[in-house]
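The structure file data.txt is reproduced below (compact mmCIF, C-alpha atoms).
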# COMPACT_ATOMS: atom_id res chain seq x y z
CA MET P 1 -39.21 29.94 36.80
CA THR P 2 -42.23 31.53 38.53
CA GLU P 3 -39.94 33.23 40.98
CA GLY P 4 -37.83 34.66 38.15
CA GLY P 5 -41.00 35.90 36.46
CA ALA P 6 -42.17 37.47 39.68
CA THR P 7 -38.95 39.43 40.19
CA ALA P 8 -39.07 40.56 36.57
CA VAL P 9 -42.49 42.11 37.11
CA HIS P 10 -41.35 44.02 40.17
CA ALA P 11 -37.98 45.00 38.72
CA PRO P 12 -37.39 48.59 37.61
CA VAL P 13 -37.93 49.34 33.90
CA HIS P 14 -34.26 50.04 33.12
CA ARG P 15 -32.62 46.85 34.17
CA GLY P 16 -28.85 46.51 33.80
CA TRP P 17 -27.30 45.13 30.63
CA TRP P 18 -25.95 42.09 32.48
CA ARG P 19 -29.38 41.35 33.82
CA ARG P 20 -31.13 41.73 30.49
CA ASN P 21 -28.68 39.39 28.81
CA ARG P 22 -28.31 36.94 31.64
CA TRP P 23 -29.65 33.92 29.71
CA ALA P 24 -27.39 34.58 26.78
CA LEU P 25 -24.47 35.09 29.15
CA LEU P 26 -25.23 31.85 30.93
CA ALA P 27 -25.44 30.05 27.58
CA LEU P 28 -22.18 31.54 26.32
CA PRO P 29 -19.74 29.23 28.16
CA VAL P 30 -21.81 26.21 27.14
CA VAL P 31 -21.80 27.35 23.50
CA LEU P 32 -18.04 27.92 23.60
CA VAL P 33 -17.47 24.41 24.97
CA VAL P 34 -19.72 22.92 22.25
CA VAL P 35 -17.85 24.84 19.52
CA ALA P 36 -14.48 23.73 20.88
CA LEU P 37 -15.60 20.10 21.09
CA SER P 38 -17.04 20.06 17.59
CA GLY P 39 -13.76 21.43 16.24
CA ALA P 40 -11.72 18.97 18.27
CA GLY P 41 -12.43 16.30 15.67
CA ARG P 42 -9.69 17.90 13.59
CA ILE P 43 -7.14 16.92 16.21
CA ALA P 44 -8.19 13.33 15.91
CA THR P 45 -8.11 13.29 12.11
CA PHE P 46 -5.03 15.38 11.41
CA TRP P 47 -2.68 15.02 14.31
CA TRP P 48 -3.34 12.53 17.03
CA PRO P 49 -3.18 9.13 15.31
CA LEU P 50 -0.40 10.16 12.91
CA GLU P 51 2.26 11.06 15.47
CA MET P 52 4.27 8.71 17.62
CA THR P 53 2.62 9.74 20.86
CA ASP P 54 2.07 6.46 22.66
CA GLY P 55 5.46 5.07 23.68
CA ILE P 56 6.07 1.88 25.62
CA GLU P 57 9.46 2.01 27.35
CA THR P 58 11.47 -1.11 28.10
CA GLN P 59 15.04 -2.42 28.22
CA VAL P 60 16.81 -4.60 25.71
CA GLY P 61 16.41 -8.22 26.82
CA GLU P 62 13.12 -7.67 28.63
CA MET P 63 9.89 -9.37 27.56
CA THR P 64 7.26 -6.60 27.26
CA ARG P 65 3.54 -6.56 26.55
CA PHE P 66 2.67 -4.53 23.45
CA THR P 67 -0.91 -3.57 22.55
CA ASP P 68 -1.91 -1.66 19.46
CA ASP P 69 -5.07 -1.08 17.37
CA TYR P 70 -5.38 -1.29 13.64
CA VAL P 71 -8.20 -1.01 11.15
CA ASP P 72 -8.67 -3.21 8.10
CA ALA P 73 -11.61 -4.14 5.88
CA GLY P 74 -12.97 -6.33 8.67
CA GLY P 75 -13.13 -3.45 11.15
CA GLU P 76 -11.09 -2.42 14.12
CA HIS P 77 -8.76 -4.97 15.69
CA GLU P 78 -6.46 -5.15 18.64
CA ARG P 79 -2.96 -6.50 18.27
CA THR P 80 -1.54 -7.85 21.52
CA LEU P 81 1.79 -9.60 21.85
CA ARG P 82 4.78 -10.00 24.09
CA ILE P 83 8.05 -8.95 22.55
CA ALA P 84 11.71 -8.75 23.57
CA VAL P 85 14.63 -7.22 21.70
CA ARG P 86 18.01 -8.71 22.56
CA ASP P 87 21.61 -9.17 21.39
CA VAL P 88 22.05 -5.88 19.56
CA VAL P 89 25.49 -6.06 17.95
CA PRO P 90 27.35 -4.01 15.32
CA ASP P 91 29.43 -5.31 12.40
CA ALA P 92 27.45 -8.53 12.05
CA ASP P 93 28.14 -10.96 9.25
CA PRO P 94 25.35 -10.74 6.68
CA VAL P 95 22.82 -13.57 6.88
CA THR P 96 19.67 -14.20 4.86
CA SER P 97 16.21 -14.26 6.39
CA ARG P 98 16.64 -18.05 6.76
CA GLY P 99 19.85 -17.63 8.71
CA GLU P 100 22.23 -18.69 5.92
CA PRO P 101 25.51 -16.74 5.75
CA VAL P 102 26.03 -14.45 2.75
CA LEU P 103 29.44 -14.64 1.16
CA GLY P 104 31.12 -12.02 -0.97
CA GLU P 105 32.99 -8.76 -0.87
CA GLY P 106 31.56 -5.25 -0.94
CA LEU P 107 28.10 -6.26 0.25
CA LEU P 108 27.66 -3.09 2.29
CA PRO P 109 27.73 0.47 0.92
CA GLU P 110 30.86 2.43 1.82
CA GLY P 111 30.61 4.25 5.14
CA THR P 112 27.86 2.03 6.55
CA ARG P 113 27.72 -0.56 9.27
CA LEU P 114 25.50 -3.64 9.54
CA TRP P 115 23.74 -4.05 12.89
CA GLN P 116 22.06 -7.24 14.03
CA LEU P 117 19.48 -7.92 16.71
CA GLN P 118 17.18 -10.70 17.78
CA ILE P 119 13.53 -10.33 18.53
CA ASP P 120 11.54 -12.84 20.57
CA VAL P 121 7.78 -12.78 20.06
CA GLU P 122 4.94 -14.50 21.93
CA ALA P 123 1.59 -14.02 20.22
CA ASP P 124 -1.58 -15.83 19.24
CA PRO P 125 -0.84 -17.46 15.86
CA GLU P 126 -3.88 -15.63 14.39
CA THR P 127 -2.63 -12.15 15.43
CA VAL P 128 -1.62 -10.15 12.35
CA LEU P 129 2.03 -9.17 12.75
CA SER P 130 3.07 -8.44 9.17
CA GLY P 131 4.52 -5.08 8.24
CA CYS P 132 6.33 -4.25 11.45
CA ARG P 133 9.04 -1.61 11.38
CA ILE P 134 12.31 -1.63 13.28
CA ALA P 135 14.81 1.18 13.75
CA LEU P 136 17.87 2.07 15.81
CA VAL P 137 17.59 5.38 17.67
CA ASP P 138 20.57 7.50 18.67
CA ALA P 139 20.98 10.16 21.36
CA ASP P 140 19.92 12.92 18.90
CA GLY P 141 16.72 11.05 18.08
CA ARG P 142 17.95 10.06 14.63
CA LEU P 143 16.22 6.98 13.27
CA ALA P 144 18.13 4.37 11.27
CA GLU P 145 15.19 2.33 10.01
CA ARG P 146 15.48 -1.13 8.54
CA ASP P 147 15.17 -0.90 4.75
CA THR P 148 15.85 -4.15 2.93
CA THR P 149 16.16 -2.40 -0.44
CA LEU P 150 19.67 -1.35 0.71
CA LEU P 151 20.70 -4.95 1.40
CA VAL P 152 21.79 -6.86 -1.69
CA TRP P 153 20.90 -10.26 -0.25
CA ASP P 154 17.51 -11.77 0.66
CA ALA P 155 16.94 -10.29 4.10
CA GLY P 156 13.18 -10.88 4.00
CA TRP P 157 10.64 -8.10 3.73
CA ASP P 158 8.89 -8.87 6.99
CA ALA P 159 11.08 -8.29 10.04
CA CYS P 160 8.91 -9.63 12.85
CA GLN P 161 7.72 -13.03 11.59
CA PRO P 162 9.27 -16.36 10.61
CA VAL P 163 9.79 -16.77 6.86
CA ASP P 164 8.91 -20.47 6.57
CA THR P 165 5.40 -20.41 8.10
CA ALA P 166 1.97 -19.40 6.80
CA ASN P 167 1.37 -16.08 8.55
CA PRO P 168 -2.02 -14.40 8.99
CA SER P 169 -2.62 -11.23 6.99
CA ALA P 170 -4.89 -8.25 7.44
CA GLN P 171 -8.27 -8.35 5.67
CA LEU P 172 -8.05 -6.28 2.48
CA PHE P 173 -11.63 -6.68 1.22
CA VAL P 174 -14.98 -6.85 2.97
CA ASP P 175 -16.05 -10.16 1.42
CA GLU P 176 -12.92 -12.16 1.72
CA GLY P 177 -12.80 -15.95 1.63
CA GLU P 178 -11.23 -18.11 4.29
CA HIS P 179 -7.53 -17.56 4.81
CA GLU P 180 -4.94 -20.26 4.95
CA ARG P 181 -4.62 -21.34 8.56
CA SER P 182 -1.69 -19.78 10.35
CA THR P 183 1.15 -22.18 11.06
CA ARG P 184 3.12 -19.57 12.97
CA PRO P 185 4.23 -20.94 16.35
CA PRO P 186 2.95 -19.13 19.47
CA ALA P 187 6.54 -18.21 20.40
CA TYR P 188 9.50 -17.69 18.07
CA SER P 189 12.71 -15.71 17.52
CA ARG P 190 13.84 -13.82 14.47
CA THR P 191 17.20 -12.35 13.45
CA VAL P 192 16.96 -8.80 12.07
CA GLN P 193 19.74 -6.95 10.26
CA LEU P 194 19.76 -3.29 9.32
CA LEU P 195 22.11 -0.65 7.95
CA ALA P 196 23.23 2.52 9.72
CA ALA P 197 25.91 5.12 9.10
CA GLY P 198 29.41 4.08 10.25
CA ASP P 199 29.39 6.57 13.12
CA PHE P 200 25.80 5.93 14.22
CA GLU P 201 25.69 5.16 17.97
CA PRO P 202 22.33 3.66 18.96
CA ILE P 203 20.93 4.09 22.44
CA ALA P 204 17.68 2.22 21.81
CA VAL P 205 15.75 0.03 19.39
CA ARG P 206 12.30 1.09 18.25
CA VAL P 207 9.65 -1.37 17.06
CA TRP P 208 6.27 -0.31 15.71
CA TRP P 209 3.52 -1.21 13.29
CA GLU P 210 1.77 2.09 12.82
CA PRO P 211 1.55 5.31 14.83
CA PRO P 212 0.76 6.30 17.51
CA THR P 213 1.97 3.21 19.44
CA TYR P 214 5.65 2.24 19.51
CA LEU P 215 8.04 0.25 21.64
CA THR P 216 11.41 1.63 22.76
CA ALA P 217 13.92 -0.89 24.09
CA ARG P 218 16.88 0.92 25.65
CA LEU P 219 20.37 -0.52 25.32
CA PRO P 220 22.03 -1.31 28.68
CA ASP P 221 25.13 0.87 28.20
CA ALA P 222 23.16 3.85 26.93
CA GLY P 223 23.51 5.65 30.27
CA ARG P 224 25.14 8.77 28.73
CA MET L 1 -27.68 68.73 16.95
CA ASN L 2 -26.17 66.10 19.19
CA ARG L 3 -28.24 63.39 17.64
CA ARG L 4 -27.09 64.33 14.12
CA TRP L 5 -23.46 64.07 15.16
CA GLY L 6 -24.18 60.71 16.68
CA ARG L 7 -25.68 59.48 13.41
CA LEU L 8 -22.74 60.83 11.44
CA ALA L 9 -20.32 59.13 13.78
CA ARG L 10 -22.16 55.85 13.31
CA ALA L 11 -22.01 56.14 9.52
CA GLY L 12 -18.36 57.10 9.75
CA PHE L 13 -17.65 54.03 11.85
CA VAL L 14 -19.31 51.75 9.29
CA VAL L 15 -17.31 53.30 6.43
CA LEU L 16 -14.11 53.00 8.46
CA ALA L 17 -14.81 49.34 9.25
CA LEU L 18 -15.44 48.61 5.56
CA VAL L 19 -12.17 50.31 4.55
CA ALA L 20 -10.21 48.54 7.28
CA GLY L 21 -11.73 45.18 6.32
CA LYS L 22 -10.94 45.64 2.65
CA GLU L 23 -7.37 46.69 3.39
CA LEU L 24 -6.89 43.69 5.68
CA ALA L 25 -8.31 41.28 3.11
CA THR L 26 -5.93 42.49 0.39
CA ALA L 27 -2.89 42.93 2.64
CA LEU L 28 -2.96 39.43 4.17
CA PRO L 29 -1.12 36.86 2.06
CA ASP L 30 -3.31 34.50 0.02
CA GLN L 31 -2.85 30.75 0.21
CA ASP L 32 -0.38 30.56 -2.68
CA VAL L 33 1.93 32.78 -0.70
CA SER L 34 1.29 31.65 2.85
CA LEU L 35 1.69 27.95 2.01
CA ARG L 36 4.73 28.33 -0.25
CA PRO L 37 7.90 26.42 0.64
CA PHE L 38 10.89 28.12 2.22
CA GLU L 39 13.37 28.32 -0.64
CA VAL L 40 16.98 27.68 0.33
CA ALA L 41 19.26 29.03 -2.40
CA GLY L 42 22.46 27.23 -3.33
CA GLU L 43 25.09 26.83 -6.01
CA LEU L 44 26.61 24.01 -8.00
CA GLY L 45 29.05 22.07 -5.83
CA THR L 46 28.01 23.56 -2.49
CA PRO L 47 25.92 21.68 0.10
CA VAL L 48 22.45 23.09 0.81
CA GLU L 49 20.85 22.39 4.19
CA LEU L 50 17.19 21.34 4.15
CA ARG L 51 15.08 20.41 7.16
CA THR L 52 15.33 16.73 6.28
CA GLY L 53 18.90 16.57 4.98
CA THR L 54 21.72 18.05 2.93
CA VAL L 55 21.62 18.32 -0.88
CA GLU L 56 24.55 18.95 -3.20
CA VAL L 57 24.62 19.17 -6.99
CA ARG L 58 27.85 17.54 -8.19
CA GLU L 59 27.63 17.72 -11.97
CA VAL L 60 25.31 18.92 -14.73
CA GLN L 61 25.29 17.36 -18.19
CA LEU L 62 23.27 18.48 -21.21
CA ASN L 63 22.53 16.41 -24.27
CA GLN L 64 19.90 15.54 -26.86
CA THR L 65 20.38 11.81 -26.27
CA VAL L 66 20.62 10.12 -22.92
CA ILE L 67 21.35 6.50 -22.12
CA THR L 68 20.11 5.32 -18.74
CA PRO L 69 21.07 1.93 -17.26
CA THR L 70 17.88 0.50 -18.82
CA ALA L 71 17.15 2.41 -22.03
CA GLY L 72 18.12 5.29 -24.35
CA TYR L 73 16.02 8.38 -25.04
CA ARG L 74 16.23 11.20 -27.60
CA THR L 75 14.52 14.56 -27.36
CA PRO L 76 14.03 17.56 -29.67
CA GLY L 77 14.85 19.65 -26.60
CA LEU L 78 17.67 18.83 -24.24
CA TRP L 79 18.16 16.30 -21.48
CA VAL L 80 19.53 17.71 -18.27
CA ALA L 81 21.24 15.04 -16.18
CA VAL L 82 21.97 16.41 -12.72
CA SER L 83 24.14 14.28 -10.46
CA THR L 84 22.76 15.11 -7.02
CA ARG L 85 23.81 13.88 -3.59
CA LEU L 86 21.45 13.69 -0.62
CA THR L 87 22.49 12.98 2.98
CA PRO L 88 19.45 12.40 5.23
CA ALA L 89 19.50 14.17 8.60
CA GLN L 90 17.01 12.55 10.99
CA GLU L 91 15.30 9.68 9.20
CA LYS L 92 15.70 7.73 5.99
CA GLU L 93 14.97 9.99 3.02
CA THR L 94 15.10 10.09 -0.73
CA PHE L 95 14.30 12.58 -3.50
CA ALA L 96 10.51 12.89 -3.55
CA TYR L 97 10.39 16.01 -5.72
CA ALA L 98 12.88 17.25 -8.29
CA ALA L 99 12.32 19.83 -11.03
CA VAL L 100 14.10 22.36 -13.23
CA ARG L 101 12.81 25.93 -13.07
CA SER L 102 13.53 28.58 -15.69
CA GLU L 103 15.50 31.66 -14.65
CA ASP L 104 12.39 33.89 -14.59
CA GLY L 105 10.77 31.36 -12.24
CA ARG L 106 7.65 30.99 -14.39
CA ARG L 107 8.13 27.57 -15.95
CA VAL L 108 8.90 24.30 -14.17
CA TRP L 109 9.77 20.87 -15.60
CA GLU L 110 9.48 17.95 -13.23
CA GLY L 111 11.61 14.84 -13.57
CA ARG L 112 9.79 12.67 -16.13
CA THR L 113 11.76 9.46 -15.94
CA ARG L 114 11.79 6.81 -13.30
CA SER L 115 15.31 7.73 -12.25
CA SER L 116 14.23 10.09 -9.50
CA LEU L 117 11.75 7.56 -8.14
CA SER L 118 14.17 4.65 -8.12
CA CYS L 119 16.75 6.50 -6.09
CA PRO L 120 17.46 4.45 -2.93
CA THR L 121 16.44 5.62 0.56
CA PRO L 122 19.49 5.60 2.86
CA PRO L 123 19.49 5.97 6.67
CA PRO L 124 20.61 9.25 8.32
CA GLY L 125 24.23 10.19 7.67
CA VAL L 126 24.62 7.90 4.64
CA PRO L 127 24.71 9.82 1.35
CA VAL L 128 23.01 8.70 -1.85
CA THR L 129 24.01 10.05 -5.26
CA CYS L 130 21.55 9.84 -8.14
CA ASP L 131 21.38 11.23 -11.65
CA LEU L 132 18.15 13.21 -11.85
CA LEU L 133 16.91 13.53 -15.41
CA PHE L 134 14.83 16.34 -16.95
CA GLU L 135 13.62 17.09 -20.47
CA VAL L 136 13.69 20.85 -21.01
CA PRO L 137 13.41 23.17 -24.04
CA PRO L 138 16.88 24.63 -24.79
CA GLU L 139 15.76 28.28 -24.69
CA ALA L 140 14.68 27.91 -21.05
CA LEU L 141 17.91 26.43 -19.78
CA VAL L 142 20.24 29.41 -19.41
CA GLY L 143 20.32 30.38 -15.73
CA ALA L 144 17.86 27.65 -14.73
CA ASP L 145 17.60 26.34 -11.16
CA LEU L 146 17.15 22.84 -9.81
CA LEU L 147 14.37 22.42 -7.23
CA VAL L 148 14.83 19.51 -4.83
CA SER L 149 12.86 18.28 -1.83
CA THR L 150 12.59 15.05 0.12
CA GLU L 151 8.87 15.67 0.59
CA ALA L 152 6.15 15.24 -2.01
CA ASP L 153 4.28 18.04 -0.25
CA GLN L 154 6.62 21.00 0.21
CA ARG L 155 4.12 23.42 1.78
CA HIS L 156 5.68 25.17 4.78
CA ASP L 157 8.80 23.04 4.23
CA SER L 158 12.26 23.80 2.93
CA LEU L 159 12.95 23.49 -0.81
CA ALA L 160 16.46 23.60 -2.25
CA VAL L 161 16.81 26.00 -5.20
CA ILE L 162 20.21 25.36 -6.74
CA ASP L 163 21.62 27.44 -9.59
CA LEU L 164 22.81 24.98 -12.24
CA ALA L 165 25.11 27.66 -13.79
CA ILE L 166 24.10 26.75 -17.35
CA THR L 167 25.47 29.18 -19.97
CA ALA L 168 24.33 29.85 -23.53
CA GLU L 169 27.57 28.31 -24.89
CA GLN L 170 26.89 25.10 -22.96
CA VAL L 171 23.42 24.86 -24.50
CA GLU L 172 24.76 25.48 -28.02
CA ARG L 173 27.51 22.92 -27.58
CA ALA L 174 25.03 20.32 -26.28
CA GLN L 175 22.75 20.87 -29.29
CA ALA L 176 25.62 20.40 -31.73
CA GLN L 177 27.02 17.32 -30.02
CA ASP L 178 26.34 13.73 -31.17
CA GLU L 179 27.92 11.77 -28.32
CA PRO L 180 25.14 10.68 -25.90
CA VAL L 181 25.24 11.20 -22.15
CA GLU L 182 25.17 8.11 -19.98
CA THR L 183 23.55 8.31 -16.58
CA ARG L 184 24.96 6.19 -13.78
CA GLU L 185 23.32 3.82 -11.36
CA ALA L 186 22.49 5.28 -7.97
CA LEU L 187 25.33 5.15 -5.46
CA VAL L 188 24.69 4.65 -1.75
CA GLY L 189 27.48 5.65 0.64
CA GLY L 190 30.89 6.83 -0.48
CA GLY L 191 31.70 9.71 1.88
CA ASP L 192 33.87 12.46 0.44
CA ASP L 193 34.78 11.67 -3.17
Show the structure stored in the file as structure tokens.
Amino acid sequence: MTEGGATAVHAPVHRGWWRRNRWALLALPVVLVVVALSGAGRIATFWWPLEMTDGIETQVGEMTRFTDDYVDAGGEHERTLRIAVRDVVPDADPVTSRGEPVLGEGLLPEGTRLWQLQIDVEADPETVLSGCRIALVDADGRLAERDTTLLVWDAGWDACQPVDTANPSAQLFVDEGEHERSTRPPAYSRTVQLLAAGDFEPIAVRVWWEPPTYLTARLPDAGR
Amino acid sequence: MNRRWGRLARAGFVVLALVAGKELATALPDQDVSLRPFEVAGELGTPVELRTGTVEVREVQLNQTVITPTAGYRTPGLWVAVSTRLTPAQEKETFAYAAVRSEDGRRVWEGRTRSSLSCPTPPPGVPVTCDLLFEVPPEALVGADLLVSTEADQRHDSLAVIDLAITAEQVERAQAQDEPVETREALVGGGDD
């Protein structure tokens, strides 16, 4: 400081523009960084958490660790589980969520095909797993997502949990009473059926709860 | 002398900047224009390609009385029942927005019944055909267009604008007719018929 002051005293009267404005010039990059950072919040609110940006790649038949965050009335939570997708087959016979066969003609809309797969899950019985979404993905990135409203039998709303257990649910209100204790076993399997167009050729299965995290399990013969 | 020119030049620059700024402000599109959807024009019976899928109007029926699978409705205007087919492209889709727009483009009637909301959501490549229902004053129907989108928010997105080819004779006939129109249940699948 004193040195700077000393040079200023001895400097000629008409100092250069750069010299006169040196403090402002030095501050400019810092100010630009601060402005950019304060605007960066928009990325977080509008784009980042809403896109499927965080993919976990695996193969069909492989047990894979899946970690995800979610927010409910109780705050932020982590959802950690181990999951495997296996036995992906087309033209399955329709079964209910309890595994009972569905009889009858014309159960599927014309021009569609029923696919079936199994998912194996290992998770703490208190981990909230309701509301998962499952889709087949083809080489063009088209997504045939499971939608039980297109199935005329009881396929079960929830794809990733057993139907005959008490499953934990997310906290909807801040002051919520005690929940029924989860009776979900720490490891279980579930049959999932979903509709796709007749000519849909899947190369992978996608499982996710909410963006940005998703799991992609590639089919073995999807080498292209 | 020199100084005076300098002052004049400065004043001139300010005036020029004001003019340029004003011109720029009026020439740039306002939000209504810059956010408007990309309208994709089409005709009755011809597929229209949207970003999220393909839309085709199959049939248009006009009547004062309509009978849906759940109830019957009568109007002092006219019911427009538009049988519309949607084939999703990339992901599962359904009709999220459907409306009839008058020929001059100034009046819009959105679907008022539950029929457009209860249309199923098929996976990509599987068509769904639904009767979309609108209640419209007869004088606005000649030359009206159907607006269809799979998105509730159509800003910056494609919007199908399909000419329903409604003539004055059709409107007159519909007003004179007693036989009600029956809308059908939604149909999922069913390729080419």
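All chain P residues having an atom within 7 Å of chain L, based on all atoms listed in the file, amount to Pro109, Glu110, Gly111, Thr112, Arg142, Leu143, Ala144, Glu145, Ala196 and Ala197 of chain P.
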Using only C-alpha atoms, please write the residues we just selected to a file, as a PDB file, in the coordinates of the input.
ATOM      1  CA  PRO P 109      27.730   0.470   0.920  1.00  0.00           C
ATOM      2  CA  GLU P 110      30.860   2.430   1.820  1.00  0.00           C
ATOM      3  CA  GLY P 111      30.610   4.250   5.140  1.00  0.00           C
ATOM      4  CA  THR P 112      27.860   2.030   6.550  1.00  0.00           C
ATOM      5  CA  ARG P 142      17.950  10.060  14.630  1.00  0.00           C
ATOM      6  CA  LEU P 143      16.220   6.980  13.270  1.00  0.00           C
ATOM      7  CA  ALA P 144      18.130   4.370  11.270  1.00  0.00           C
ATOM      8  CA  GLU P 145      15.190   2.330  10.010  1.00  0.00           C
ATOM      9  CA  ALA P 196      23.230   2.520   9.720  1.00  0.00           C
ATOM     10  CA  ALA P 197      25.910   5.120   9.100  1.00  0.00           C
TER      11      ALA P 197
END
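Proximity of L:Asp145, L:Glu49, L:Glu135, L:Glu185 to Glu103 in chain L, computed with only C-alpha atoms, is greatest for L:Asp145.
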Can you pull out every residue within 12 Å of Trp115 in chain P, counting all atoms listed in the file, but drop anything in the same chain fewer than 3 positions away, and send it as a PyMOL selection string? chain P and resi 87-95+108+112+118+134-136+144-146+151+191-198+200-202+205
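The spacing separating CA of Pro137 in chain L from CA of Ala176 in chain L amounts to 14.7 Å.
Excluding Gly156 in chain P itself and any same-chain residue fewer than 6 positions from it, the protein and nucleic acid residues within 10 Å of it, counting only C-alpha atoms, are Thr96, Ser97, Arg98, Thr148, Pro162, Val163, Val192 and Gln193 of chain P.
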Go ahead and save the picked residues with C-alpha atoms, as a compact mmCIF listing (two decimals), in the coordinates of the input.
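As a result, out.txt now contains:
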# COMPACT_ATOMS: atom_id res chain seq x y z
CA THR P 96 19.67 -14.20 4.86
CA SER P 97 16.21 -14.26 6.39
CA ARG P 98 16.64 -18.05 6.76
CA THR P 148 15.85 -4.15 2.93
CA PRO P 162 9.27 -16.36 10.61
CA VAL P 163 9.79 -16.77 6.86
CA VAL P 192 16.96 -8.80 12.07
CA GLN P 193 19.74 -6.95 10.26
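Straight-line separation from CA of Ile203 in chain P to CA of Ser130 in chain P: 25.5 Å.
Of the residues under consideration (L:Ser102, L:Thr183, L:Thr129, L:Thr54), L:Ser102 shows the shortest atom-to-atom contact distance to Ala144 in chain L when counting only C-alpha atoms.
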